[in-house]
Amino acid sequence: MGRKKGVEFDEGAPDGFDPNNPYKDPVAFFEMREHLVREKWIDIEKAKILREKLRWCYRIEGVNHLQKCRHLVQQYLDATRGVGWGKDLRPPFMHGPKVVEAVEAE
């Protein structure tokens with residue numbers, strides 16, 4: 001018995017998941033949830049790596065960081081756009097700030 005040459009990851013979404021009826025197959029539902037969490041963590045870690053590269057660039061370039069680090073700033077902003085845990089699965093009308101109606105005292 002030898003060692004395997006490489007590691008294979010199942011990177012796709014689960015096969016039996018139906019987005020129209022997510023609770024039909026509980027196993028596929030939990031696999032889909034794990035898949036979404038895994039993809040979210042990958043995006044977060046990519047943004048962290050870019051942030052460290054940007055910090056390094058700011059430190060090294062000094063006063064010229066505006067010209068020299070511009071490409072890293074753009075990559076970091078693109079990577080952090082849409083990364084987070086709160087608003088992804090809610091409908092768009094719920095993304096704004098909450099509006100609290102004042103109750104008038106009579």
# chains A, B, ... in the order shown; residues from 1 in each chain; ligands from 1
call {"tool": "residues_around", "arguments": {"residues": "region 38-49 of chain A", "least_positions_apart": "2", "cutoff": "7 Å", "atoms": "only C-alpha atoms", "output": "ChimeraX atom specification"}}
result
/A:34-36,51-53,76,79-80,83
call {"tool": "write_last_selection", "arguments": {"atoms": "N, CA, C and O atoms", "output": "JSON list (two decimals), in the first residue's frame"}}
result
[["chain", "number", "residue", "atom", "x", "y", "z"],
["A", 34, "GLU", "N", -23.62, 23.18, 4.73],
["A", 34, "GLU", "CA", -22.18, 23.04, 4.96],
["A", 34, "GLU", "C", -21.38, 23.55, 3.77],
["A", 34, "GLU", "O", -20.32, 24.16, 3.94],
["A", 35, "HIS", "N", -21.89, 23.31, 2.56],
["A", 35, "HIS", "CA", -21.22, 23.79, 1.36],
["A", 35, "HIS", "C", -21.17, 25.32, 1.35],
["A", 35, "HIS", "O", -20.13, 25.91, 1.06],
["A", 36, "LEU", "N", -22.28, 25.96, 1.68],
["A", 36, "LEU", "CA", -22.32, 27.43, 1.70],
["A", 36, "LEU", "C", -21.38, 28.00, 2.75],
["A", 36, "LEU", "O", -20.68, 28.98, 2.50],
["A", 51, "ARG", "N", -5.58, 41.35, 2.63],
["A", 51, "ARG", "CA", -5.39, 42.41, 3.61],
["A", 51, "ARG", "C", -3.95, 42.42, 4.13],
["A", 51, "ARG", "O", -3.34, 43.48, 4.28],
["A", 52, "GLU", "N", -3.38, 41.24, 4.37],
["A", 52, "GLU", "CA", -2.00, 41.17, 4.83],
["A", 52, "GLU", "C", -1.04, 41.66, 3.75],
["A", 52, "GLU", "O", -0.06, 42.35, 4.05],
["A", 53, "LYS", "N", -1.31, 41.31, 2.49],
["A", 53, "LYS", "CA", -0.47, 41.81, 1.39],
["A", 53, "LYS", "C", -0.56, 43.33, 1.30],
["A", 53, "LYS", "O", 0.45, 44.01, 1.05],
["A", 76, "TYR", "N", -8.60, 43.93, -2.85],
["A", 76, "TYR", "CA", -9.15, 43.76, -1.51],
["A", 76, "TYR", "C", -10.60, 44.23, -1.44],
["A", 76, "TYR", "O", -11.45, 43.55, -0.85],
["A", 79, "ALA", "N", -12.73, 41.68, -3.08],
["A", 79, "ALA", "CA", -12.81, 40.45, -2.29],
["A", 79, "ALA", "C", -13.74, 40.62, -1.09],
["A", 79, "ALA", "O", -14.39, 39.65, -0.67],
["A", 80, "THR", "N", -13.80, 41.83, -0.53],
["A", 80, "THR", "CA", -14.63, 42.02, 0.67],
["A", 80, "THR", "C", -16.06, 42.38, 0.33],
["A", 80, "THR", "O", -16.92, 42.35, 1.21],
["A", 83, "VAL", "N", -18.90, 39.74, 1.26],
["A", 83, "VAL", "CA", -18.43, 38.74, 2.21],
["A", 83, "VAL", "C", -18.96, 39.10, 3.57],
["A", 83, "VAL", "O", -18.74, 40.20, 4.06]]
call {"tool": "closest_residue", "arguments": {"among": "A:Leu54, A:Pro14, A:Glu8, A:Leu72", "to": "Pro26 (chain A)", "atoms": "only C-alpha atoms"}}
result
A:Pro14
call {"tool": "atom_distance", "arguments": {"atom1": "CA of Gly62 (chain A)", "atom2": "CA of Asp78 (chain A)"}}
result
23.3 Å
call {"tool": "atom_distance", "arguments": {"atom1": "CA of Arg70 (chain A)", "atom2": "CA of Cys57 (chain A)"}}
result
9.8 Å
call {"tool": "closest_residue", "arguments": {"among": "A:Arg3, A:Leu50, A:Asn64, A:Glu11", "to": "Met32 (chain A)", "atoms": "only C-alpha atoms"}}
result
A:Glu11
call {"tool": "atom_distance", "arguments": {"atom1": "CA of Ala28 (chain A)", "atom2": "CA of Asp15 (chain A)"}}
result
7.5 Å
call {"tool": "residues_around", "arguments": {"residues": "Val27 (chain A)", "least_positions_apart": "4", "cutoff": "10 Å", "atoms": "only C-alpha atoms", "output": "list in words"}}
result
Pro14, Gly16, Phe17, Tyr23, Glu31, Met32 and Arg33 of chain A
